[in-house]
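Have a look at protein.csv below; it lists CSV, C-alpha atoms.
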chain,number,residue,atom,x,y,z
A,18,MET,CA,62.4,26.6,52.1
A,19,VAL,CA,63.8,28.4,55.1
A,20,ALA,CA,62.9,30.0,58.3
A,21,SER,CA,61.5,33.5,58.5
A,22,SER,CA,62.5,36.4,60.6
A,23,SER,CA,60.5,39.4,61.5
A,24,ALA,CA,60.9,42.8,59.8
A,25,ASP,CA,59.1,46.1,59.9
A,26,THR,CA,59.6,46.8,56.2
A,27,PRO,CA,57.0,45.9,53.5
A,28,GLN,CA,57.3,42.3,52.3
A,29,VAL,CA,56.6,43.4,48.8
A,30,THR,CA,57.7,46.7,47.3
A,31,VAL,CA,56.2,48.4,44.3
A,32,GLU,CA,58.0,50.7,41.8
A,33,ARG,CA,56.6,52.1,38.6
A,34,ASN,CA,59.4,53.4,36.3
A,35,GLU,CA,59.4,56.0,33.6
A,36,HIS,CA,58.5,53.4,30.9
A,37,ASP,CA,55.3,52.6,32.9
A,38,VAL,CA,56.7,49.2,33.9
A,39,VAL,CA,55.7,48.1,37.5
A,40,VAL,CA,58.4,46.2,39.4
A,41,LEU,CA,57.1,44.1,42.3
A,42,THR,CA,59.9,43.0,44.6
A,43,LEU,CA,59.6,40.2,47.1
A,44,ASN,CA,61.3,41.8,50.1
A,45,ARG,CA,62.1,39.2,52.7
A,46,PRO,CA,65.8,38.8,51.9
A,47,GLN,CA,66.6,37.6,55.4
A,48,ALA,CA,64.4,34.5,54.7
A,49,ARG,CA,65.4,34.2,51.0
A,50,ASN,CA,61.9,35.6,50.3
A,51,ALA,CA,60.1,32.5,51.6
A,52,VAL,CA,56.4,33.1,51.4
A,53,SER,CA,54.5,34.0,54.5
A,54,PHE,CA,50.9,35.1,55.1
A,55,ASP,CA,52.2,38.7,55.2
A,56,LEU,CA,54.1,38.3,51.9
A,57,TRP,CA,51.1,36.9,50.2
A,58,ASN,CA,48.9,39.6,51.6
A,59,ASP,CA,51.3,42.4,50.4
A,60,LEU,CA,51.6,40.8,47.0
A,61,ASP,CA,47.8,40.4,46.8
A,62,ALA,CA,47.3,44.1,47.6
A,63,ALA,CA,49.9,45.1,44.9
A,64,VAL,CA,48.3,42.9,42.2
A,65,ARG,CA,44.8,44.1,43.1
A,66,GLU,CA,45.9,47.7,42.8
A,67,ILE,CA,47.4,47.0,39.4
A,68,SER,CA,44.3,45.2,38.2
A,69,GLN,CA,42.0,48.0,39.3
A,70,ALA,CA,44.0,50.9,37.7
A,71,SER,CA,44.9,51.7,34.2
A,72,PRO,CA,47.1,48.8,33.0
A,73,PRO,CA,50.9,49.4,33.0
A,74,ARG,CA,53.0,48.4,30.1
A,75,ALA,CA,54.1,45.3,31.9
A,76,VAL,CA,54.9,43.9,35.4
A,77,VAL,CA,58.2,42.5,36.5
A,78,LEU,CA,58.2,40.2,39.6
A,79,ALA,CA,61.6,40.3,41.2
A,80,ALA,CA,63.2,39.7,44.6
A,81,ALA,CA,65.6,41.3,47.0
A,82,GLY,CA,68.8,39.8,48.2
A,83,GLY,CA,69.8,37.8,45.2
A,84,PHE,CA,67.5,34.9,45.7
A,85,PHE,CA,64.0,34.7,44.1
A,86,CYS,CA,62.0,32.6,46.5
A,87,ALA,CA,62.9,29.7,48.8
A,88,GLY,CA,59.3,28.4,48.9
A,89,GLY,CA,57.0,28.2,51.9
A,90,ASP,CA,58.1,29.7,55.2
A,91,LEU,CA,58.7,26.6,57.4
A,92,LYS,CA,59.0,28.5,60.7
A,93,THR,CA,55.5,29.9,60.6
A,94,PRO,CA,52.4,27.7,60.5
A,95,PRO,CA,50.6,27.4,57.1
A,96,SER,CA,47.2,27.1,58.9
A,97,ARG,CA,44.7,29.8,59.9
A,98,GLY,CA,41.2,29.8,61.3
A,99,GLU,CA,38.9,26.9,62.0
A,100,GLY,CA,37.5,26.0,58.6
A,101,ALA,CA,37.8,22.6,56.9
A,102,LEU,CA,40.7,23.8,54.8
A,103,ALA,CA,42.3,25.8,57.6
A,104,PRO,CA,45.5,23.6,57.7
A,105,ALA,CA,46.3,24.9,54.1
A,106,ALA,CA,45.0,28.4,54.5
A,107,ARG,CA,48.4,29.9,53.3
A,108,LEU,CA,48.3,27.7,50.3
A,109,GLU,CA,44.8,28.8,49.4
A,110,LEU,CA,45.8,32.5,49.8
A,111,GLY,CA,48.8,31.9,47.6
A,112,GLN,CA,46.7,30.2,44.9
A,113,GLN,CA,44.3,33.1,44.9
A,114,VAL,CA,47.2,35.6,44.5
A,115,MET,CA,48.7,33.5,41.7
A,116,HIS,CA,45.4,33.4,39.8
A,117,ARG,CA,45.1,37.1,40.1
A,118,LEU,CA,48.7,37.5,38.9
A,119,ARG,CA,48.0,35.4,35.8
A,120,SER,CA,44.8,37.3,35.1
A,121,LEU,CA,46.5,40.7,34.8
A,122,PRO,CA,45.9,42.1,31.3
A,123,VAL,CA,49.6,42.8,30.7
A,124,PRO,CA,52.6,40.5,30.4
A,125,VAL,CA,54.2,39.5,33.7
A,126,ILE,CA,57.9,38.6,33.8
A,127,ALA,CA,59.6,36.7,36.6
A,128,ALA,CA,63.2,37.8,37.2
A,129,VAL,CA,64.9,34.9,38.9
A,130,GLU,CA,68.2,35.3,40.7
A,131,GLY,CA,69.8,32.6,42.9
A,132,GLY,CA,67.0,30.1,42.9
A,133,ALA,CA,63.3,29.3,42.9
A,134,ILE,CA,62.4,26.5,45.3
A,135,GLY,CA,59.0,24.7,45.8
A,136,MET,CA,56.3,27.3,45.8
A,137,GLY,CA,58.9,29.8,44.6
A,138,TRP,CA,59.2,27.8,41.4
A,139,SER,CA,55.4,27.7,41.1
A,140,LEU,CA,55.2,31.4,41.5
A,141,ALA,CA,57.8,31.9,38.7
A,142,LEU,CA,55.9,29.5,36.4
A,143,ALA,CA,52.7,31.4,37.0
A,144,CYS,CA,54.2,34.4,35.1
A,145,ASP,CA,54.1,34.8,31.3
A,146,LEU,CA,57.9,34.9,30.9
A,147,ILE,CA,60.8,33.9,33.1
A,148,ILE,CA,64.3,35.5,32.8
A,149,ALA,CA,66.7,33.8,35.0
A,150,SER,CA,70.3,34.2,36.0
A,151,ASP,CA,72.6,31.7,34.4
A,152,GLU,CA,73.6,30.7,38.0
A,153,ALA,CA,70.0,30.1,39.2
A,154,LYS,CA,68.7,26.8,40.4
A,155,PHE,CA,65.2,25.3,40.5
A,156,SER,CA,63.9,22.5,42.6
A,157,ALA,CA,60.7,21.2,44.2
A,158,PRO,CA,61.4,19.2,47.3
A,159,PHE,CA,57.8,18.7,48.4
A,160,LEU,CA,57.7,15.0,48.7
A,161,ARG,CA,60.7,14.6,51.0
A,162,LEU,CA,58.9,17.0,53.4
A,163,GLY,CA,55.8,14.9,53.3
A,164,LEU,CA,53.9,17.5,51.2
A,165,VAL,CA,51.9,17.5,48.0
A,166,PRO,CA,53.4,19.8,45.4
A,167,ASP,CA,51.5,23.1,45.5
A,168,GLY,CA,51.0,26.4,43.8
A,169,GLY,CA,50.0,24.6,40.6
A,170,PHE,CA,53.5,23.1,40.2
A,171,ILE,CA,52.4,19.8,38.7
A,172,TRP,CA,49.9,21.5,36.4
A,173,PHE,CA,52.5,24.0,35.1
A,174,LEU,CA,55.2,21.3,34.8
A,175,ARG,CA,53.1,18.8,32.9
A,176,LYS,CA,51.7,21.6,30.6
A,177,GLN,CA,55.3,22.6,29.7
A,178,LEU,CA,57.0,19.2,29.6
A,179,GLY,CA,54.5,16.4,29.1
A,180,VAL,CA,53.9,13.6,31.6
A,181,TYR,CA,57.2,11.7,31.4
A,182,ARG,CA,59.7,14.6,31.8
A,183,ALA,CA,57.4,16.2,34.4
A,184,ALA,CA,57.2,13.0,36.4
A,185,GLU,CA,61.0,12.6,36.4
A,186,ILE,CA,61.6,16.1,37.8
A,187,LEU,CA,58.6,15.7,40.2
A,188,PHE,CA,59.5,12.4,41.8
A,189,SER,CA,63.3,12.7,41.7
A,190,GLU,CA,63.1,16.1,43.3
A,191,ARG,CA,66.5,16.9,41.7
A,192,VAL,CA,67.9,20.4,41.2
A,193,VAL,CA,67.4,21.8,37.7
A,194,THR,CA,70.0,24.2,36.5
A,195,ALA,CA,69.1,27.4,34.6
A,196,GLN,CA,70.8,26.0,31.5
A,197,GLU,CA,68.7,22.8,31.6
A,198,ALA,CA,65.5,24.8,32.4
A,199,LEU,CA,66.1,26.8,29.3
A,200,SER,CA,66.7,23.7,27.2
A,201,LEU,CA,63.4,22.2,28.5
A,202,GLY,CA,61.4,25.3,27.6
A,203,LEU,CA,60.9,26.3,31.3
A,204,LEU,CA,62.6,29.7,30.8
A,205,SER,CA,62.3,32.5,28.3
A,206,ARG,CA,65.9,33.7,28.5
A,207,LEU,CA,69.1,33.5,30.5
A,208,ALA,CA,70.9,36.6,31.9
A,209,PRO,CA,74.3,37.0,33.5
A,210,ALA,CA,74.3,36.7,37.3
A,211,GLY,CA,72.8,39.9,38.8
A,212,GLN,CA,71.2,41.0,35.6
A,213,ALA,CA,67.9,39.1,35.5
A,214,THR,CA,65.8,42.1,36.8
A,215,VAL,CA,67.7,44.6,34.7
A,216,GLN,CA,67.1,42.5,31.5
A,217,ALA,CA,63.4,41.9,32.5
A,218,VAL,CA,62.8,45.6,32.9
A,219,GLU,CA,64.6,46.4,29.6
A,220,MET,CA,62.4,43.8,27.8
A,221,ALA,CA,59.2,45.0,29.4
A,222,SER,CA,60.0,48.7,28.6
A,223,ALA,CA,59.8,47.9,24.9
A,224,PHE,CA,56.5,46.0,25.0
A,225,GLY,CA,53.7,47.8,23.1
A,226,ALA,CA,55.8,50.4,21.4
A,227,GLY,CA,53.4,50.3,18.5
A,228,ASN,CA,50.2,49.8,20.3
A,229,ARG,CA,49.8,49.3,24.1
A,230,HIS,CA,46.4,47.9,23.6
A,231,SER,CA,47.5,45.2,21.2
A,232,VAL,CA,49.8,43.8,23.9
A,233,GLU,CA,46.8,43.3,26.2
A,234,MET,CA,44.8,41.7,23.4
A,235,ALA,CA,47.7,39.5,22.4
A,236,LYS,CA,48.1,38.2,26.0
A,237,ARG,CA,44.4,37.3,26.0
A,238,LEU,CA,44.8,35.4,22.8
A,239,LEU,CA,47.9,33.6,24.2
A,240,ASN,CA,46.0,32.6,27.4
A,241,THR,CA,43.0,31.2,25.5
A,242,ALA,CA,44.9,29.5,22.6
A,243,GLU,CA,45.4,26.1,24.2
A,244,SER,CA,42.0,25.7,25.7
A,245,SER,CA,40.0,26.8,22.6
A,246,GLU,CA,39.3,25.3,19.2
A,247,LEU,CA,40.9,27.1,16.2
A,248,SER,CA,37.5,28.4,15.2
A,249,GLN,CA,36.9,29.9,18.6
A,250,HIS,CA,40.4,31.4,18.6
A,251,SER,CA,39.9,32.8,15.1
A,252,ALA,CA,36.7,34.5,16.1
A,253,LEU,CA,38.4,36.2,19.1
A,254,GLU,CA,41.4,37.0,16.9
A,255,LEU,CA,39.1,38.7,14.4
A,256,SER,CA,37.5,40.8,17.1
A,257,PHE,CA,40.8,41.9,18.5
A,258,GLY,CA,42.2,42.4,15.0
A,259,THR,CA,39.4,44.8,14.3
A,260,LEU,CA,39.9,46.7,17.5
A,261,SER,CA,43.7,46.9,16.9
A,262,GLN,CA,43.1,48.6,13.5
A,263,THR,CA,41.3,51.5,15.2
A,264,GLY,CA,42.3,54.2,17.7
A,265,GLU,CA,44.9,56.9,18.1
A,266,GLU,CA,47.9,54.6,18.7
A,267,VAL,CA,47.7,52.9,15.3
A,268,ALA,CA,47.3,56.2,13.5
A,269,ARG,CA,50.3,57.6,15.4
A,270,VAL,CA,52.6,54.6,14.7
A,271,ARG,CA,51.7,54.6,11.0
A,272,ALA,CA,52.4,58.4,10.8
A,273,GLU,CA,55.7,57.9,12.5
A,274,ALA,CA,56.7,55.1,10.2
A,275,ALA,CA,55.8,57.1,7.2
A,276,ALA,CA,57.8,60.1,8.5
A,277,ARG,CA,60.9,57.9,9.0
A,278,LYS,CA,60.5,56.4,5.5
A,279,GLN,CA,60.2,59.8,4.0
A,280,GLN,CA,63.2,61.1,6.0
A,281,LYS,CA,65.3,58.1,4.9
A,282,ASN,CA,64.4,58.6,1.2
A,283,ALA,CA,65.0,62.4,1.4

In structure tokens, write the structure found in this file.
Amino acid sequence: MVASSSADTPQVTVERNEHDVVVLTLNRPQARNAVSFDLWNDLDAAVREISQASPPRAVVLAAAGGFFCAGGDLKTPPSRGEGALAPAARLELGQQVMHRLRSLPVPVIAAVEGGAIGMGWSLALACDLIIASDEAKFSAPFLRLGLVPDGGFIWFLRKQLGVYRAAEILFSERVVTAQEALSLGLLSRLAPAGQATVQAVEMASAFGAGNRHSVEMAKRLLNTAESSELSQHSALELSFGTLSQTGEEVARVRAEAAARKQQKNA
């Protein structure tokens, strides 16, 4: 968590590549992308725009300057307004943005270079996948600052690790290396330093090659799997399975597969 400095440039940039992958880049490198009200507002606007348009193939959440996110901006106050929850207004805004990010109908990949600290780690954990540089570090030094862990950090950590391992990381506030994070199941994949975003975009560009709509439905199944009974999950799976058997994309993919097989046997 570091101090901020002012900048006239957007605090989140948006780029949609030729494979229809949207790359959202946190753009406060002078502050190691510490989250401010302006950054949350820019990220919120970008996520809202994605959610209201035709879904892209996937979303990659990256960061400028070789460091993913240093957590909350300590040089600007986290409060705003006069309401009962005004002292934590920035946290509430961040929570809302993260919920919207998780609700996107397509996979979201966090590309972590350098490190993810505090709320920055929470933001990465809010994504569907995390690709991190093999030199990245993770830590959550909330307690030593007199703060309660935020951004859903405890919820994410306990879901992934169970109570005992989550408690050890939470209360010790130690640094977790990328290699340990991978072994604990907190990462999807390691990448060489400087290549996390490149590999995330490459992975995302291949999603839904057979049927773009099946990716959206698979994410919905993934998100509801833990909270639903098998019978409920099976009913939703049956509905989505029926939908995925219809439409132009399935017919196209099957025709292409048949053509390749015919060409191979010719």

Show me, as a CSV table (one decimal) with C-alpha atoms, in the frame of the given file, the residues that have an atom within 10 Å of range 38-41 of chain A when counting all atoms listed in the file, minus same-chain residues fewer than 4 positions from it.
chain,number,residue,atom,x,y,z
A,29,VAL,CA,56.6,43.4,48.8
A,30,THR,CA,57.7,46.7,47.3
A,31,VAL,CA,56.2,48.4,44.3
A,32,GLU,CA,58.0,50.7,41.8
A,33,ARG,CA,56.6,52.1,38.6
A,34,ASN,CA,59.4,53.4,36.3
A,60,LEU,CA,51.6,40.8,47.0
A,63,ALA,CA,49.9,45.1,44.9
A,64,VAL,CA,48.3,42.9,42.2
A,67,ILE,CA,47.4,47.0,39.4
A,72,PRO,CA,47.1,48.8,33.0
A,73,PRO,CA,50.9,49.4,33.0
A,74,ARG,CA,53.0,48.4,30.1
A,75,ALA,CA,54.1,45.3,31.9
A,76,VAL,CA,54.9,43.9,35.4
A,77,VAL,CA,58.2,42.5,36.5
A,78,LEU,CA,58.2,40.2,39.6
A,79,ALA,CA,61.6,40.3,41.2
A,80,ALA,CA,63.2,39.7,44.6
A,125,VAL,CA,54.2,39.5,33.7
A,126,ILE,CA,57.9,38.6,33.8
A,127,ALA,CA,59.6,36.7,36.6
A,128,ALA,CA,63.2,37.8,37.2
A,214,THR,CA,65.8,42.1,36.8
A,217,ALA,CA,63.4,41.9,32.5
A,218,VAL,CA,62.8,45.6,32.9
A,219,GLU,CA,64.6,46.4,29.6
A,220,MET,CA,62.4,43.8,27.8
A,221,ALA,CA,59.2,45.0,29.4
A,222,SER,CA,60.0,48.7,28.6
A,223,ALA,CA,59.8,47.9,24.9
A,224,PHE,CA,56.5,46.0,25.0

Tell me, as a ChimeraX atom specification, which residues lie within 10 Å of Leu174 in chain A, counting all atoms listed in the file; anything in the same chain fewer than 6 positions away does not count. /A:139,142,180,182-184,186-187,203

Go through range 114-175 of chain A and flag each residue having an atom no more than 12 Å from range 98-107 of chain A; for those, report the closest pair of atoms plus their distance in Å to one decimal, using all atoms listed in the file, ordered by chain and rising number, as JSON lines.
{"residue": "A:Val114", "atom": "CA", "partner": "A:Arg107", "partner_atom": "CA", "distance": 10.6}
{"residue": "A:Met136", "atom": "CA", "partner": "A:Arg107", "partner_atom": "CA", "distance": 11.2}
{"residue": "A:Leu164", "atom": "CA", "partner": "A:Ala105", "partner_atom": "CA", "distance": 11.0}
{"residue": "A:Val165", "atom": "CA", "partner": "A:Ala105", "partner_atom": "CA", "distance": 11.1}
{"residue": "A:Asp167", "atom": "CA", "partner": "A:Ala105", "partner_atom": "CA", "distance": 10.2}
{"residue": "A:Gly168", "atom": "CA", "partner": "A:Arg107", "partner_atom": "CA", "distance": 10.5}

Students should find that CA of Leu56 in chain A and CA of Thr194 in chain A are spaced 26.2 Å

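Minimum atom-to-atom distance to Gln196 in chain A, evaluated using all atoms listed in the file, belongs to A:Lys154 out of A:Arg161, A:Arg237, A:Arg229, A:Lys154.
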
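Distance check against Ser156 in chain A using all atoms listed in the file: of A:Gly82, A:Gly179, A:Gly258, A:Gly132, the minimum falls on A:Gly132.
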
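Reported to one decimal place, the separation of CA of Gly202 in chain A from CA of Asp61 in chain A is 28.0 Å.
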
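Atom pair CA of Arg49 in chain A / CA of Gly131 in chain A: separated by 9.4 Å.
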
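The closest residue to Leu238 in chain A, picked from A:Leu255, A:Val267, A:Leu140, A:Leu43 and counting only C-alpha atoms, is A:Leu255.
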
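Each of A:Ala62, A:Leu201, A:Ala51, A:Ala208 was checked against Lys176 in chain A using only C-alpha atoms; the smallest atom-to-atom distance is that of A:Leu201.
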
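The neighbours of Leu204 in chain A here are the residues that come within 6 Å of it, using all atoms listed in the file and leaving out any residue fewer than 4 positions away in the same chain; they are Ile147, Ala198 and Leu199 of chain A.
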
Atoms kept (C-alpha atoms) for selection, written as a compact mmCIF listing (two decimals), keeping the file's coordinate frame:
# COMPACT_ATOMS: atom_id res chain seq x y z
CA ILE A 147 60.80 33.90 33.10
CA ALA A 198 65.50 24.80 32.40
CA LEU A 199 66.10 26.80 29.30

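Near Ala149 in chain A, within a cut-off of 7 Å and counting only C-alpha atoms, sit the residues Ala128, Val129, Glu130, Ala153, Ala195, Arg206, Leu207, Ala208 and Ala213 of chain A, with same-chain residues fewer than 3 positions away left out.
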
From the list A:Met115, A:Val192, A:Leu178, A:Ala210, the nearest residue to Asp151 in chain A using all atoms listed in the file is A:Ala210

Counting only C-alpha atoms, the residue among A:Glu265, A:Asp25, A:Glu190, A:Glu185 that lies closest to Asp55 in chain A is A:Asp25

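Once only C-alpha atoms are considered, the residues situated within 7 Å of the file point (66.9, 42.2, 49.0) turn out to be A:Asn44, A:Arg45, A:Pro46, A:Ala80, A:Ala81, A:Gly82, A:Gly83.
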